[in-house]
2 protein chains.
Amino acid sequence: MIRSIAGVCRVAAAALALLCVLTATAHPQAAADPLPSWNDGPAKQSILKLVAATTTAGSAEFVAAGDRFATFDQDGTLWVEQPIYTQVEFGLDRVVALAPQHPEWKQVEPFKSVIAGDRAAMAKFTMKDLEKILFATHTGMTTGEFTSIVKDWIAKARDPRWHRPFIELIYQPMLELMQYLRANGYKTYIVTGGGQDFVRAYAEQTYGIPPEQIIGSALDIDLTYNDAGKAILMRPPKLLLNNNFSGKPEDIYLFIGRHPQAAFGNSTGDREMLEYTQAGGKGALMMLVLHDDPAREYAYGPAEGFPASKVGTFTQALYDEAKSKGWNVISMKKDWKRIFSFEK
Amino acid sequence: MIRSIAGVCRVAAAALALLCVLTATAHPQAAADPLPSWNDGPAKQSILKLVAATTTAGSAEFVAAGDRFATFDQDGTLWVEQPIYTQVEFGLDRVVALAPQHPEWKQVEPFKSVIAGDRAAMAKFTMKDLEKILFATHTGMTTGEFTSIVKDWIAKARDPRWHRPFIELIYQPMLELMQYLRANGYKTYIVTGGGQDFVRAYAEQTYGIPPEQIIGSALDIDLTYNDAGKAILMRPPKLLLNNNFSGKPEDIYLFIGRHPQAAFGNSTGDREMLEYTQAGGKGALMMLVLHDDPAREYAYGPAEGFPASKVGTFTQALYDEAKSKGWNVISMKKDWKRIFSFEK
């Protein structure tokens with residue numbers, strides 16, 4: 001009995017799906033703009049072209065639905081990375097919050113400057129200093145505890161320029177791009193140099209991307225047992241994956257096992273990910289976000305007349321490689337009608 | 001225009017889905033058996049109970065569709081692991097195939113015995129010997145080359161007892177279980193001590209599980225460039241993930257970021273995965289496959305009157321832990337009506 005009802009449902013659903021596809025195909029020009037925050041131009045056109053080529057059966061570049069992957073860097077590609085990475089901001093806040101439990105920090109750099117709120121000293125922190133802060137604030141607890149701490153912080157913290165939650169500083173055109181790709185059978189992954197567990201704590205509500213589709217720098221997690229004999233996972237001060245530079249394609253292979261058809265970045269840390277994506281074959285789309293809009297966001301890197309930046313290293317060499325290899329450079333100023341959802 | 005057609009499609013699809021769900025819910029007792037190769041008994045009942053509890057809205061153990069995960073060990077849990085692991089069989093065959101390029105192997109163990117086909121000597125190989133064979137046959141090529149080699153081999157090789165392709169030696173009841181879980185919104189993952197890339201080469205055609213849902217022992221892949229300047233990934237003789245024992249839950253966390261609701265294994269290498277699954281909360285299902293059917297498959301481990309085995313270490317201690325913690329032990333003899341799809 002049910003067997004036949006289930007059968008009817010399946011047939012009816014298939015017929016409906018076919019009807020909808022045929023109808024949509026018959027009037028493609030009438031479709032609503034899937035990327036309303038993008039100005040018309042080569043960047044937008046290259047995205048529409050990728051989707052048409054990879055999803056049209058019979059196209060030379062057709063890719064089966066289960067094999068469609070797009071990978072996105074996060075900081076500077078999906079949300080604001082200036083004046084400092086959000087995760088570093090989190091680490092600084094955590095040093096202040098944890099200071100009462102670490103009286104010795106008052107005498108020891110880099111903690112001393114953070115506790116004193118000495119922004120001038122903090123601006124001179126080396127990578128080694130930042131590493132000390134990250135290990136002191138990101139390790140030594142269970143995985144569940146860390147996720148709770150990040151969730152609490154991200155809900156309360158505000159950025160210094162717009163005074164909004166950091167998760168509101170995501171780029172509306174990139175959000176539309178991810179939704180458009182997903183609507184066309186793509187799996188969207190974040191592939192970030194930032195901490196995998198940090199990003200996983202807010203990515204689903206922010207980007208609609210579940211934890212298993214976040215690849216990031218990751219600690220070498222340790223299984224142990226609590227006093228009740230229950231299995232728990234601890235966060236040791238030991239890095240397993242440094243998901244930057246060549247680490248990005250290596251970890252994409254580790255997690256996904258194949259080339260993405262599209263990759264999006266904004267710095268030298270994304271270079272190898274784009275090279276690997278291009279190596280996957282013709283039709284692949286490689287894009288870099290250029291920060292050239294000081295009025296609406298920031299300007300740095302090779303944008304004409306703007307200074308290089310400690311954060312977000314879009315070098316001239318990367319710009320030249322992009323041009324020589326046919327990668328697309330997205331001008332925030334020219335290609336994006338709207339940067340943030342809260343803009344009028 | 002399209003907007004409204006798309007809207008109509010969406011509403012019609014939603015109405016159809018609702019109708020189908022309501023109809024199915026109204027006559028649950030009439031549903032076709034989703035696990036026809038399972039005999040009725042506590043093992044089958046525990047699976048049906050898990051699905052009912054986690055997929056029924058309002059149930060205390062309800063889990064949202066995107067958060068439903070089930071993890072499966074492979075060797076001895078999804079397919080035959082006797083007399084030796086299939087991947088070791090592959091390694092031995094590769095030693096023979098590669099021998100002409102390595103004349104020195106004729107003088108050096110463990111290669112010498114493999115080339116001579118000395119099964120008695122091979123039966124005494126230590127873990128160190130096997131490691132040498134695996135590194136010699138699994139590394140030094142690109143990721144694409146390795147995948148091609150495995151695909152070729154798996155299509156041609158035959159097992160020594162049934163003389164069938166290894167991928168036909170999967171357990172039909174476990175295949176039905178995976179399909180049943182997927183039909184109920186679960187994502188099924190293989191979590192194997194075997195090589196991640198080895199299993200990925202055939203898992204989709206064999207189990208319906210795509211590469212990104214295979215977690216296994218993995219090499220520390222290296223990005224480099226070929227003579228044409230194209231980015232390629234090489235397989236170095238260096239292990240990144242040893243996906244056994246505590247490595248299983250640690251890697252589940254690395255890849256998925258949360259507890260599975262169900263985990264399936266058959267040896268001490270799966271113990272920590274089951275403990276971690278149980279730690280996820282009530283309603284979780286932990287199952288171990290017991291090989292107690294010498295007529296239809298093999299018998300080893302704590303099955304009454306059968307010897308322990310070098311391969312597949314289901315120890316008495318694991319059996320006792322299962323009993324004390326409420327894990328389910330699947331008796332191949334009693335719980336499985338049919339073991340292989342080729343059985344009459």
# chains A, B, ... in the order shown; residues from 1 in each chain; ligands from 1
$ select_by_dssp --residues "segment 67-309 of chain B" --states "alpha helix (DSSP H)" --output "PyMOL selection string"
chain B and resi 86-98+111-116+119-122+127-138+143-156+172-183+196-207+247-256+271-279
$ select_by_dssp --residues "segment 24-139 of chain B" --states "strand (DSSP E)" --output "list in words"
Phe69, Ala70, Thr71 and Phe72 of chain B
$ closest_residue --among "A:Tyr180, A:Tyr319, A:Phe255, A:Phe72" --to "chain B" --atoms "only C-alpha atoms"
A:Phe255
$ atom_distance --atom1 "atom CA of Ile115 of chain B" --atom2 "atom CA of Thr313 of chain B"
28.2 Å
$ closest_residue --among "B:Phe245, B:Tyr300, B:Phe111, B:Tyr186" --to "chain A" --atoms "only C-alpha atoms"
B:Phe245
$ closest_residue --among "A:Val96, A:Thr277, A:Asp220, A:Gln74" --to "Asn242 of chain B" --atoms "only C-alpha atoms"
A:Asp220
